[in-house]
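**Q** My file is structure.txt. It has compact mmCIF, C-alpha atoms:
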```txt
# COMPACT_ATOMS: atom_id res chain seq x y z
CA MET A 1330 -7.11 3.24 22.97
CA ALA A 1331 -5.46 6.45 23.93
CA MET A 1332 -1.93 7.69 24.35
CA GLN A 1333 -0.47 9.96 27.00
CA ALA A 1334 1.01 13.27 25.90
CA GLU A 1335 4.30 12.34 27.63
CA ASP A 1336 4.53 9.16 25.55
CA ILE A 1337 4.07 11.11 22.33
CA GLU A 1338 6.74 13.58 23.36
CA ARG A 1339 9.15 10.83 24.44
CA LEU A 1340 8.80 8.91 21.16
CA ILE A 1341 9.38 12.04 19.10
CA LYS A 1342 12.46 12.98 21.11
CA GLU A 1343 13.88 9.46 20.84
CA SER A 1344 13.97 9.83 17.05
CA ILE A 1345 14.58 13.56 16.81
CA PRO A 1346 16.77 14.37 19.84
CA ASP A 1347 16.88 18.17 19.45
CA ALA A 1348 13.11 18.46 18.97
CA GLN A 1349 11.20 20.97 21.03
CA VAL A 1350 7.79 19.41 21.42
CA THR A 1351 4.68 21.26 22.55
CA ILE A 1352 1.61 19.09 22.98
CA GLN A 1353 -1.93 20.15 23.64
CA ASP A 1354 -4.66 17.72 24.65
CA LEU A 1355 -7.43 19.30 22.61
CA ARG A 1356 -10.41 17.72 24.33
CA GLY A 1357 -8.89 16.44 27.54
CA ASP A 1358 -9.74 12.89 26.45
CA GLY A 1359 -6.20 11.65 25.75
CA ASP A 1360 -7.19 10.98 22.15
CA HIS A 1361 -7.14 14.30 20.29
CA TYR A 1362 -3.85 16.13 20.38
CA ALA A 1363 -2.15 19.00 18.64
CA ALA A 1364 1.63 18.97 18.50
CA LEU A 1365 4.14 21.58 17.48
CA VAL A 1366 7.54 20.08 16.77
CA VAL A 1367 10.51 22.36 16.19
CA SER A 1368 13.83 20.84 15.12
CA SER A 1369 16.90 21.70 13.08
CA ALA A 1370 16.58 18.20 11.59
CA PHE A 1371 13.70 19.58 9.48
CA LYS A 1372 15.98 22.00 7.69
CA ASP A 1373 15.82 21.74 3.88
CA LYS A 1374 13.03 19.16 4.13
CA THR A 1375 9.60 19.59 2.58
CA ARG A 1376 6.65 19.82 4.92
CA ILE A 1377 5.59 16.32 3.90
CA GLN A 1378 9.05 14.97 4.76
CA GLN A 1379 8.99 16.78 8.13
CA HIS A 1380 5.63 15.25 9.02
CA GLN A 1381 6.79 11.82 7.82
CA MET A 1382 9.76 12.07 10.21
CA VAL A 1383 7.39 12.68 13.11
CA TYR A 1384 5.07 9.86 12.01
CA GLU A 1385 8.06 7.53 11.76
CA ALA A 1386 9.06 8.52 15.29
CA LEU A 1387 5.60 7.44 16.45
CA ARG A 1388 6.26 4.00 14.94
CA GLY A 1389 2.93 3.09 13.48
CA ARG A 1390 0.78 4.52 16.26
CA MET A 1391 -0.44 7.40 14.12
CA GLY A 1392 -3.72 6.45 12.51
CA GLY A 1393 -4.00 3.56 14.96
CA GLU A 1394 -4.07 4.06 18.71
CA LEU A 1395 -3.36 7.73 18.12
CA HIS A 1396 -6.42 8.79 16.18
CA ALA A 1397 -5.97 12.51 16.04
CA LEU A 1398 -2.71 14.41 16.15
CA ALA A 1399 -2.88 17.78 14.45
CA LEU A 1400 0.73 18.32 13.50
CA GLN A 1401 2.71 21.44 12.85
CA THR A 1402 6.45 21.35 12.20
CA ALA A 1403 9.00 24.12 12.03
CA VAL A 1404 12.73 24.79 11.86
CA PRO A 1405 14.21 26.92 14.66
CA GLU A 1406 15.03 30.45 13.50
CA ASP A 1407 18.75 30.15 14.20
CA ALA A 1408 19.17 26.83 12.32
CA MET B 816 1.12 -4.02 -1.96
CA ASN B 817 0.06 -5.69 -5.22
CA GLU B 818 0.53 -4.40 -8.72
CA PRO B 819 -3.15 -3.95 -9.74
CA LEU B 820 -3.75 -1.83 -6.62
CA ILE B 821 -0.83 0.47 -7.44
CA GLU B 822 -2.08 0.71 -11.02
CA ARG B 823 -5.55 1.67 -9.82
CA ILE B 824 -4.18 4.40 -7.58
CA GLU B 825 -1.90 5.74 -10.29
CA ALA B 826 -4.71 5.72 -12.85
CA ASP B 827 -6.94 7.69 -10.47
CA ILE B 828 -4.37 10.31 -9.54
CA LYS B 829 -3.11 10.72 -13.12
CA ASN B 830 -6.48 10.84 -14.85
CA ASN B 831 -7.93 13.40 -12.43
CA ASP B 832 -6.25 16.74 -11.77
CA VAL B 833 -7.33 16.87 -8.14
CA VAL B 834 -8.10 13.72 -6.11
CA LEU B 835 -9.05 13.49 -2.46
CA TYR B 836 -8.86 10.12 -0.70
CA MET B 837 -11.33 10.61 2.12
CA LYS B 838 -13.76 9.00 4.52
CA GLY B 839 -17.26 9.42 3.11
CA SER B 840 -18.23 11.38 0.02
CA PRO B 841 -17.66 15.08 -0.74
CA MET B 842 -21.37 15.64 -0.06
CA PHE B 843 -21.35 13.57 3.14
CA PRO B 844 -17.91 13.35 4.71
CA GLN B 845 -17.75 10.80 7.54
CA CYS B 846 -14.82 12.36 9.38
CA GLY B 847 -14.00 15.87 10.51
CA PHE B 848 -10.54 15.85 8.91
CA SER B 849 -11.94 14.80 5.54
CA ALA B 850 -14.69 17.41 5.86
CA ALA B 851 -12.09 20.11 6.56
CA VAL B 852 -10.20 19.39 3.32
CA VAL B 853 -13.45 19.30 1.30
CA GLU B 854 -14.25 22.69 2.80
CA VAL B 855 -10.89 24.10 1.67
CA LEU B 856 -11.33 22.74 -1.87
CA ASP B 857 -14.88 24.09 -2.03
CA HIS B 858 -13.64 27.44 -0.80
CA PHE B 859 -11.27 27.59 -3.79
CA GLY B 860 -14.01 26.30 -6.08
CA VAL B 861 -11.77 23.47 -7.24
CA GLN B 862 -13.32 20.48 -9.02
CA PHE B 863 -12.06 17.25 -7.52
CA LYS B 864 -12.68 13.53 -7.47
CA GLY B 865 -13.45 12.18 -4.02
CA ILE B 866 -12.55 8.54 -3.36
CA ASP B 867 -14.29 7.06 -0.34
CA VAL B 868 -11.84 4.70 1.36
CA LEU B 869 -14.58 3.40 3.66
CA GLN B 870 -16.07 1.67 0.60
CA ASP B 871 -12.80 -0.05 -0.20
CA PRO B 872 -10.52 -1.51 2.50
CA ALA B 873 -7.80 -2.38 -0.06
CA ILE B 874 -7.54 1.24 -1.20
CA ARG B 875 -7.76 2.46 2.40
CA GLN B 876 -4.63 0.50 3.29
CA GLY B 877 -3.00 0.78 -0.14
CA ILE B 878 -3.02 4.56 -0.33
CA LYS B 879 -1.26 4.79 3.04
CA GLU B 880 1.53 2.57 1.76
CA TYR B 881 1.64 4.31 -1.60
CA SER B 882 2.36 7.71 -0.02
CA ASN B 883 4.05 6.48 3.18
CA TRP B 884 1.47 8.55 5.01
CA PRO B 885 -0.48 7.01 7.89
CA THR B 886 -3.74 8.90 7.76
CA ILE B 887 -6.73 9.79 5.60
CA PRO B 888 -7.53 12.30 4.04
CA GLN B 889 -4.84 12.59 1.39
CA LEU B 890 -4.86 15.21 -1.34
CA TYR B 891 -3.23 14.68 -4.75
CA VAL B 892 -2.82 17.36 -7.40
CA LYS B 893 -1.69 16.30 -10.90
CA GLY B 894 -0.46 13.00 -9.52
CA GLU B 895 1.56 14.54 -6.70
CA PHE B 896 0.84 13.96 -3.02
CA ILE B 897 0.26 17.33 -1.39
CA GLY B 898 -0.56 16.34 2.18
CA GLY B 899 -3.24 15.57 4.71
CA CYS B 900 -5.58 17.82 6.61
CA ASP B 901 -2.96 19.75 8.63
CA ILE B 902 -0.75 20.54 5.65
CA VAL B 903 -3.65 21.47 3.37
CA ARG B 904 -5.08 23.84 5.98
CA GLU B 905 -1.67 25.36 6.65
CA MET B 906 -1.02 25.82 2.91
CA ALA B 907 -4.44 27.40 2.46
CA ALA B 908 -3.73 29.85 5.29
CA THR B 909 -0.29 30.86 3.97
CA GLY B 910 -1.42 31.24 0.36
CA GLU B 911 0.80 28.36 -0.80
CA LEU B 912 -2.21 26.35 -1.91
CA ALA B 913 -3.48 29.17 -4.14
CA THR B 914 0.00 29.38 -5.70
CA LEU B 915 0.13 25.61 -6.18
CA PHE B 916 -3.25 25.51 -7.94
CA LYS B 917 -2.15 28.37 -10.18
CA GLU B 918 1.19 26.78 -11.03
CA LYS B 919 -0.43 23.44 -11.78
CA GLY B 920 -3.10 25.07 -13.91
CA ILE B 921 -6.00 24.04 -11.68
CA LYS B 922 -9.11 26.14 -12.19
CA THR B 923 -10.32 28.00 -9.09
CA HIS B 924 -12.90 30.72 -8.40
CA ALA B 925 -10.12 33.28 -8.52
CA ALA B 926 -8.73 32.22 -11.90
```
Have the structure of the file written as structure tokens, please.

**A**
Amino acid sequence: MAMQAEDIERLIKESIPDAQVTIQDLRGDGDHYAALVVSSAFKDKTRIQQHQMVYEALRGRMGGELHALALQTAVPEDA
Amino acid sequence: MNEPLIERIEADIKNNDVVLYMKGSPMFPQCGFSAAVVEVLDHFGVQFKGIDVLQDPAIRQGIKEYSNWPTIPQLYVKGEFIGGCDIVREMAATGELATLFKEKGIKTHAA
């Protein structure tokens, strides 16, 4: 089972409204993505906590129907 | 998640300085993400215990609940969850991982 890039972006933005999400379909197969998520909500959070926030936004899909999402998180420079 | 399972996980991550929950063994990883973390640890020359979750469905599910982290691999240093493949690679690239090993007293090639 695969997920569309737009669905990943939508789910992330539902939970983290100010997130800037950049998604790359690494193999063009709808199954291996890389995502960069930038949000002020990540401020003062550890990297593990930032990734957990994104995983929570994906509501259980990560590790299931979404096999591979290479994740990078960051705080905007002006936050 | 039952008590004996938590106790097993805690015993493993407390009795071994560096533990990698992974798919396959350190010699024969069965997944590219697990292989990538093994490669990082080998690069540092760090001794670690690999735990193959494919051999044990209870641990495979249990470790995800233990850390609230949905994927394998998972790296633990001195009992603390450090991250999965993305975080470990990022920390290796920025030098944070070298600092962490040093601070935690983990022997590497460099030390």

**Q** For the contact check between chain A and chain B, emit one row per residue of chain A within 10 Å, containing the shortest atom pair and the distance in Å rounded to one decimal, counting all atoms listed in the file, chain then rising number order, as a tab-separated table.

**A**
```
residue	atom	partner	partner_atom	distance
A:Arg1376	CA	B:Ile902	CA	7.5
A:Ile1377	CA	B:Gly898	CA	6.4
A:Gln1378	CA	B:Trp884	CA	9.9
A:His1380	CA	B:Trp884	CA	8.8
A:Gln1381	CA	B:Trp884	CA	6.8
A:Tyr1384	CA	B:Pro885	CA	7.5
A:Glu1385	CA	B:Pro885	CA	9.4
A:Gly1389	CA	B:Pro885	CA	7.6
A:Arg1390	CA	B:Pro885	CA	8.8
A:Met1391	CA	B:Pro885	CA	6.2
A:Gly1392	CA	B:Thr886	CA	5.3
A:Gly1393	CA	B:Pro885	CA	8.6
A:His1396	CA	B:Thr886	CA	8.8
A:Ala1397	CA	B:Phe848	CA	9.1
A:Leu1398	CA	B:Asp901	CA	9.2
A:Ala1399	CA	B:Asp901	CA	6.1
A:Leu1400	CA	B:Asp901	CA	6.3
A:Gln1401	CA	B:Asp901	CA	7.3
A:Thr1402	CA	B:Ile902	CA	9.8
```

**Q** Pick from B:Leu820, B:Ala873, B:Val853, B:Leu912: nearest to B:Val834, with all atoms listed in the file counted?

**A**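 The answer is B:Val853, which sits nearest to B:Val834.
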
**Q** What is the distance between atom CA of B:Lys838 and atom CA of B:Val855, in Å to one decimal?

**A**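 Atom CA of B:Lys838 sits 15.6 Å away from atom CA of B:Val855.
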
**Q** Just how far from atom CA of B:Val833 is atom CA of B:Val903, in Å to one decimal?

**A**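 These two atoms are separated by 12.9 Å.
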
**Q** Calculated over all atoms listed in the file, which of the candidates A:Ala1331, A:Ala1403, A:Leu1387, A:Leu1395 has the smallest distance to A:Ala1348?

**A** A:Ala1403

**Q** Stretch 1359-1375 of chain A, all listed atoms, 5 Å padding on each side: what axis-aligned box centre and edge lengths in Å to one decimal come out, as JSON?

**A**
```
{"center_x": 4.9, "center_y": 16.7, "center_z": 14.2, "size_x": 34.1, "size_y": 21.4, "size_z": 33.2}
```

**Q** Identify, on the basis of all atoms listed in the file, every residue whose closest approach to A:Asp1373 does not exceed 12 Å; exclude the query and any residue fewer than 6 positions from it along the same chain; express the result as a ChimeraX atom specification.

**A** /A:1379,1403-1404,1408

**Q** Please report the interatomic distance between atom CA of A:Ala1364 and atom CA of A:Thr1351 in Å with one decimal.

**A**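 Taking atom CA of A:Ala1364 as the start and atom CA of A:Thr1351 as the end point, the length is 5.6 Å.
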